[in-house]
Amino acid sequence: MISRFTLENYFQLHEGKAIDFRLRVQKDQNNQYSFCIHPQDVNGETWDFKVIGNFLECITSTSEALNSLLVDGDILSNLDKNVLFLMIKQVASKIQELETVNTSQRNQLFERVEALEQFHREYETAQEYERDRG
């Protein structure tokens, strides 16, 4: 099962819309090549890939790639089951990530509320002590 978007997915996205594409190649300070691809002379999505020997790694963010794949129903009908599975897997992963962040933030909020409640109790106790002394 695939776990990342591929150049083939990119071509499926533009099937029937473009046959010519522009590549812009870049070489970083570590002599690592990457490129971005965009349909030539038509509207379309730009995805980035890193070249690793004879292999490519899509480095376009998952959300950008998903957004480009979800443009319209015609695109979805042209995608194969593996791509749809990948999309569902990526969305599920993102949901899980957000749930983890939300749980963490909720726990931090509860801890902060508890600390504020404890401070409030101590403050009231100190106020009562001062009234009793006076």
# chains A, B, ... in the order shown; residues from 1 in each chain; ligands from 1
$ residues_around --residues "A:Gln32" --least-positions-apart "6" --cutoff "12 Å" --atoms "only C-alpha atoms" --output "list in words"
Val25, Gln26, Phe49, Lys50, Val51, Ile52, Gly53 and Leu56 of chain A
$ write_last_selection --atoms "N, CA and C atoms" --output "PDB file, in the first residue's frame"
ATOM      1  N   VAL A  25      14.059  22.803 -11.665  1.00  0.00           N
ATOM      2  CA  VAL A  25      14.991  21.997 -10.870  1.00  0.00           C
ATOM      3  C   VAL A  25      15.827  22.910  -9.986  1.00  0.00           C
ATOM      4  N   GLN A  26      16.042  22.454  -8.763  1.00  0.00           N
ATOM      5  CA  GLN A  26      16.887  23.182  -7.812  1.00  0.00           C
ATOM      6  C   GLN A  26      17.900  22.219  -7.221  1.00  0.00           C
ATOM      7  N   PHE A  49       8.932  17.795  -5.487  1.00  0.00           N
ATOM      8  CA  PHE A  49       9.503  16.469  -5.289  1.00  0.00           C
ATOM      9  C   PHE A  49      10.992  16.584  -5.008  1.00  0.00           C
ATOM     10  N   LYS A  50      11.475  15.692  -4.138  1.00  0.00           N
ATOM     11  CA  LYS A  50      12.910  15.574  -3.875  1.00  0.00           C
ATOM     12  C   LYS A  50      13.406  14.343  -4.628  1.00  0.00           C
ATOM     13  N   VAL A  51      14.560  14.480  -5.281  1.00  0.00           N
ATOM     14  CA  VAL A  51      15.150  13.385  -6.046  1.00  0.00           C
ATOM     15  C   VAL A  51      16.134  12.649  -5.153  1.00  0.00           C
ATOM     16  N   ILE A  52      15.912  11.347  -5.004  1.00  0.00           N
ATOM     17  CA  ILE A  52      16.800  10.507  -4.196  1.00  0.00           C
ATOM     18  C   ILE A  52      17.234   9.351  -5.094  1.00  0.00           C
ATOM     19  N   GLY A  53      18.380   9.520  -5.750  1.00  0.00           N
ATOM     20  CA  GLY A  53      18.814   8.509  -6.720  1.00  0.00           C
ATOM     21  C   GLY A  53      17.795   8.409  -7.834  1.00  0.00           C
ATOM     22  N   LEU A  56      11.703   9.329  -6.237  1.00  0.00           N
ATOM     23  CA  LEU A  56      11.173  10.655  -5.954  1.00  0.00           C
ATOM     24  C   LEU A  56      10.392  10.609  -4.655  1.00  0.00           C
TER      25      LEU A  56
END
